[in-house]
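Undergrad: If you scroll down you'll find the structure; I have some questions about it.
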Amino acid sequence: MIRVLFVCTGNVHRSALAERLLAARLPRGSAVRPESAGTQAWPRSGMEHSTRAVLERLGGDGSGFVSRPLTAQLVLGSALVLGLAGEHREAAVRLAPSAMRRCFTLKEFVRLAGGEADGDGQRPDGVGDFAAVVAAAAARRGHAAPVPPEADDVADPRGRPSAALARCAREIDDVVGSLVRLCEASVTMQVEHPCV
């Protein structure tokens, strides 16, 4: 099982949407297990009504969702940690510094791993399994063309009109589509060429 952890602030909008949209987009039987947490979340059952409505319009399932706080244990147990903004990535790294090379923002990871054009539009050479894809993305941090920090963030829709939540969900869904391609290509390669 390959755990991918999405992190936002309250674990009620952005990370919840990313978790459930990735779950909806992955092929049945995928080895990737999406999860989410929040830097200021507290455990509570049920997805916020407005978030669930937007999620379901995009084909996701909000049933059984429980928000939870981000912990070092969650970060350390994940193959990939994806903050919805830079502050969330930084919070994960503060909790578990040894996981730094596995912590990105969602947009940053997709850009660095080659899921989206960033000049050459290519995935890093020589990636063969999921851990290698993550390591290659980390290695590209200092070499890829820089982008403004806010370009890697997904804006928080909390307290804004419902249209902002809908835009946020569509933005996350677009990036998650690229993430699915990266995950499944690397997981398929890992299954076809298992490590000895």
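By convention in this document, the chains of the structure tokens carry letters A, B, ... by their order, each chain's residues are numbered from 1, and ligands are numbered from 1 in the order they are shown.
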Go through region 143-188 of chain A and collect every residue that DSSP, computed from the backbone, puts in helix (DSSP H, G or I); the answer should be as a PyMOL selection string.
TA: chain A and resi 149-152+162-188
Undergrad: Restricting the output to N, CA, C and O atoms, write the selected residues as a short mmCIF file (atom, residue, chain, number, x, y, z; two decimals), in the first residue's frame.
TA:
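The new file result_37.cif reads:
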data_model
loop_
_atom_site.label_atom_id
_atom_site.label_comp_id
_atom_site.auth_asym_id
_atom_site.auth_seq_id
_atom_site.Cartn_x
_atom_site.Cartn_y
_atom_site.Cartn_z
N PRO A 149 5.97 31.54 -5.19
CA PRO A 149 5.46 30.61 -4.18
C PRO A 149 3.95 30.41 -4.24
O PRO A 149 3.46 29.30 -4.09
N GLU A 150 3.21 31.48 -4.49
CA GLU A 150 1.75 31.35 -4.52
C GLU A 150 1.25 30.52 -5.71
O GLU A 150 0.13 30.02 -5.70
N ALA A 151 2.10 30.33 -6.72
CA ALA A 151 1.70 29.52 -7.88
C ALA A 151 1.55 28.06 -7.52
O ALA A 151 0.84 27.31 -8.19
N ASP A 152 2.19 27.63 -6.43
CA ASP A 152 2.08 26.24 -5.99
C ASP A 152 1.01 26.05 -4.92
O ASP A 152 0.84 24.95 -4.41
N SER A 162 -19.73 30.44 -2.37
CA SER A 162 -19.73 29.04 -2.83
C SER A 162 -19.02 28.87 -4.16
O SER A 162 -18.45 27.80 -4.43
N ALA A 163 -19.02 29.90 -4.99
CA ALA A 163 -18.31 29.81 -6.27
C ALA A 163 -16.81 29.61 -6.06
O ALA A 163 -16.16 28.93 -6.86
N ALA A 164 -16.26 30.15 -4.98
CA ALA A 164 -14.84 29.97 -4.68
C ALA A 164 -14.54 28.51 -4.34
O ALA A 164 -13.51 27.97 -4.75
N LEU A 165 -15.44 27.87 -3.62
CA LEU A 165 -15.27 26.45 -3.31
C LEU A 165 -15.34 25.61 -4.58
O LEU A 165 -14.54 24.69 -4.77
N ALA A 166 -16.25 25.95 -5.46
CA ALA A 166 -16.38 25.21 -6.73
C ALA A 166 -15.11 25.38 -7.57
O ALA A 166 -14.61 24.40 -8.16
N ARG A 167 -14.57 26.60 -7.64
CA ARG A 167 -13.32 26.83 -8.38
C ARG A 167 -12.17 26.05 -7.76
O ARG A 167 -11.35 25.45 -8.45
N CYS A 168 -12.10 26.07 -6.45
CA CYS A 168 -11.06 25.34 -5.71
C CYS A 168 -11.14 23.85 -6.05
O CYS A 168 -10.13 23.21 -6.34
N ALA A 169 -12.33 23.30 -6.02
CA ALA A 169 -12.51 21.86 -6.30
C ALA A 169 -12.09 21.52 -7.72
O ALA A 169 -11.44 20.50 -7.96
N ARG A 170 -12.46 22.36 -8.68
CA ARG A 170 -12.07 22.11 -10.09
C ARG A 170 -10.55 22.19 -10.25
O ARG A 170 -9.95 21.38 -10.95
N GLU A 171 -9.93 23.16 -9.57
CA GLU A 171 -8.48 23.29 -9.64
C GLU A 171 -7.80 22.04 -9.07
O GLU A 171 -6.88 21.49 -9.67
N ILE A 172 -8.27 21.59 -7.91
CA ILE A 172 -7.71 20.39 -7.31
C ILE A 172 -7.93 19.19 -8.22
O ILE A 172 -7.02 18.38 -8.43
N ASP A 173 -9.12 19.06 -8.78
CA ASP A 173 -9.42 17.93 -9.65
C ASP A 173 -8.51 17.91 -10.87
O ASP A 173 -8.04 16.84 -11.28
N ASP A 174 -8.23 19.06 -11.44
CA ASP A 174 -7.32 19.13 -12.60
C ASP A 174 -5.93 18.62 -12.23
O ASP A 174 -5.33 17.83 -12.95
N VAL A 175 -5.41 19.07 -11.09
CA VAL A 175 -4.06 18.67 -10.69
C VAL A 175 -4.05 17.20 -10.27
O VAL A 175 -3.11 16.46 -10.57
N VAL A 176 -5.12 16.76 -9.62
CA VAL A 176 -5.22 15.35 -9.22
C VAL A 176 -5.22 14.44 -10.46
O VAL A 176 -4.65 13.35 -10.42
N GLY A 177 -5.79 14.90 -11.57
CA GLY A 177 -5.75 14.11 -12.80
C GLY A 177 -4.32 13.83 -13.24
O GLY A 177 -3.97 12.71 -13.63
N SER A 178 -3.45 14.83 -13.13
CA SER A 178 -2.03 14.64 -13.44
C SER A 178 -1.37 13.73 -12.42
O SER A 178 -0.53 12.89 -12.77
N LEU A 179 -1.74 13.88 -11.17
CA LEU A 179 -1.18 13.04 -10.11
C LEU A 179 -1.54 11.57 -10.34
O LEU A 179 -0.71 10.69 -10.14
N VAL A 180 -2.75 11.32 -10.76
CA VAL A 180 -3.18 9.94 -11.04
C VAL A 180 -2.28 9.31 -12.10
O VAL A 180 -1.81 8.18 -11.94
N ARG A 181 -2.01 10.05 -13.16
CA ARG A 181 -1.15 9.51 -14.22
C ARG A 181 0.25 9.20 -13.68
O ARG A 181 0.82 8.16 -13.99
N LEU A 182 0.79 10.07 -12.85
CA LEU A 182 2.10 9.82 -12.25
C LEU A 182 2.08 8.61 -11.33
O LEU A 182 2.96 7.75 -11.39
N CYS A 183 1.07 8.54 -10.48
CA CYS A 183 0.97 7.43 -9.53
C CYS A 183 0.82 6.11 -10.25
O CYS A 183 1.55 5.15 -9.98
N GLU A 184 -0.09 6.04 -11.17
CA GLU A 184 -0.37 4.77 -11.81
C GLU A 184 0.76 4.32 -12.72
O GLU A 184 1.06 3.13 -12.79
N ALA A 185 1.43 5.24 -13.39
CA ALA A 185 2.56 4.85 -14.24
C ALA A 185 3.67 4.28 -13.38
O ALA A 185 4.25 3.24 -13.71
N SER A 186 3.96 4.92 -12.25
CA SER A 186 5.06 4.44 -11.41
C SER A 186 4.68 3.18 -10.66
O SER A 186 5.49 2.27 -10.51
N VAL A 187 3.44 3.08 -10.21
CA VAL A 187 3.00 1.88 -9.50
C VAL A 187 2.95 0.69 -10.46
O VAL A 187 3.37 -0.41 -10.13
N THR A 188 2.50 0.92 -11.70
CA THR A 188 2.46 -0.14 -12.70
C THR A 188 3.87 -0.63 -12.98
O THR A 188 4.14 -1.83 -13.03
#
Undergrad: Restricting the calculation to only C-alpha atoms, which member of A:Val75, A:Ala137, A:Leu58, A:Leu70 is positioned closest to Ala41 (chain A)?
TA: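 So, comparing all the options, the nearest one is A:Leu70.
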Undergrad: For a quick check of understanding, using only C-alpha atoms, which of A:Val54, A:Ala37, A:Leu112, A:Ala138 has the smallest distance to Cys8 (chain A)?
TA: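 Going through A:Val54, A:Ala37, A:Leu112, A:Ala138 one by one, the smallest distance to Cys8 (chain A) is for A:Ala37.
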Undergrad: Please, which residues of region 32-141 of chain A, numbered as in this document, come out strand (DSSP E or B) from DSSP, as a PyMOL selection string?
TA: chain A and resi 32-38+44-45+66-67+69+80-83+103-105
Undergrad: Which of these, A:Arg52, A:Arg14, A:Arg20, A:Arg140, has the shortest distance to Ala85 (chain A) once you count only C-alpha atoms?
TA: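 For Ala85 (chain A), the nearest of the candidates is A:Arg14.
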Undergrad: Need the shell around Trp42 (chain A): protein/DNA/RNA residues with any atom at most 9 Å away, counting only C-alpha atoms. Skip same-chain ones fewer than 5 positions apart. Format as a list in words?
TA: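 Here the answer would be Gly10, Asn11, Ser67, Arg68 and Pro69 of chain A.
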Undergrad: Would you export the selected residues with all heavy atoms as a compact mmCIF listing (two decimals), in the first residue's frame, please?
TA:
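Saved to again_4.txt:
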# COMPACT_ATOMS: atom_id res chain seq x y z
N GLY A 10 -7.85 23.02 7.95
CA GLY A 10 -8.90 22.43 8.76
C GLY A 10 -9.30 21.02 8.39
O GLY A 10 -10.08 20.39 9.10
N ASN A 11 -8.77 20.51 7.25
CA ASN A 11 -9.15 19.19 6.74
C ASN A 11 -10.66 19.10 6.52
O ASN A 11 -11.29 18.07 6.77
CB ASN A 11 -8.66 18.09 7.69
CG ASN A 11 -8.70 16.68 7.10
OD1 ASN A 11 -8.82 15.71 7.84
ND2 ASN A 11 -8.61 16.54 5.80
N SER A 67 -12.44 14.10 9.55
CA SER A 67 -11.28 15.00 9.55
C SER A 67 -10.40 14.65 10.75
O SER A 67 -10.88 14.14 11.76
CB SER A 67 -11.72 16.46 9.59
OG SER A 67 -12.38 16.73 10.80
N ARG A 68 -9.10 14.93 10.61
CA ARG A 68 -8.18 14.60 11.68
C ARG A 68 -6.98 15.54 11.65
O ARG A 68 -6.63 16.08 10.61
CB ARG A 68 -7.73 13.15 11.59
CG ARG A 68 -7.01 12.85 10.30
CD ARG A 68 -6.73 11.38 10.17
NE ARG A 68 -6.14 11.10 8.88
CZ ARG A 68 -5.56 9.98 8.58
NH1 ARG A 68 -5.50 9.01 9.47
NH2 ARG A 68 -5.05 9.79 7.40
N PRO A 69 -6.35 15.69 12.80
CA PRO A 69 -5.18 16.57 12.87
C PRO A 69 -3.95 15.91 12.27
O PRO A 69 -3.78 14.69 12.32
CB PRO A 69 -5.00 16.81 14.37
CG PRO A 69 -5.67 15.66 15.04
CD PRO A 69 -6.76 15.19 14.11
Undergrad: Pick the closest to Phe109 (chain A) from A:Gly86, A:Pro97, A:Pro43, A:Gly59: which is it, counting only C-alpha atoms?
TA: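 Looking only at the distances to Phe109 (chain A), the closest residue turns out to be A:Gly86.
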Undergrad: Could you please determine the separation between CA of Ala92 (chain A) and CA of Ile2 (chain A) in Å, to one decimal place?
TA: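 Separation between CA of Ala92 (chain A) and CA of Ile2 (chain A): 17.8 Å.
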Undergrad: For CA of Thr71 (chain A) and CA of Arg141 (chain A), determine how far apart the two atoms are, in Å to one decimal place.
TA: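 Straight-line distance from CA of Thr71 (chain A) to CA of Arg141 (chain A) works out to 24.7 Å.
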Undergrad: Quick one: of A:Glu108, A:Val154, A:Phe6, A:Leu17, who's nearest to Ala53 (chain A), counting only C-alpha atoms?
TA: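 Closest candidate: A:Leu17.
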Undergrad: Using only C-alpha atoms, pick whichever of A:His88, A:Leu22, A:Pro146, A:Ala113 has the shortest atom-to-atom distance to Val133 (chain A).
TA: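 Selected residue with least distance to Val133 (chain A): A:Ala113.
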Undergrad: Mind pulling up the distance from CA of Arg111 (chain A) to CA of Gly77 (chain A)?
TA: 23.5 Å
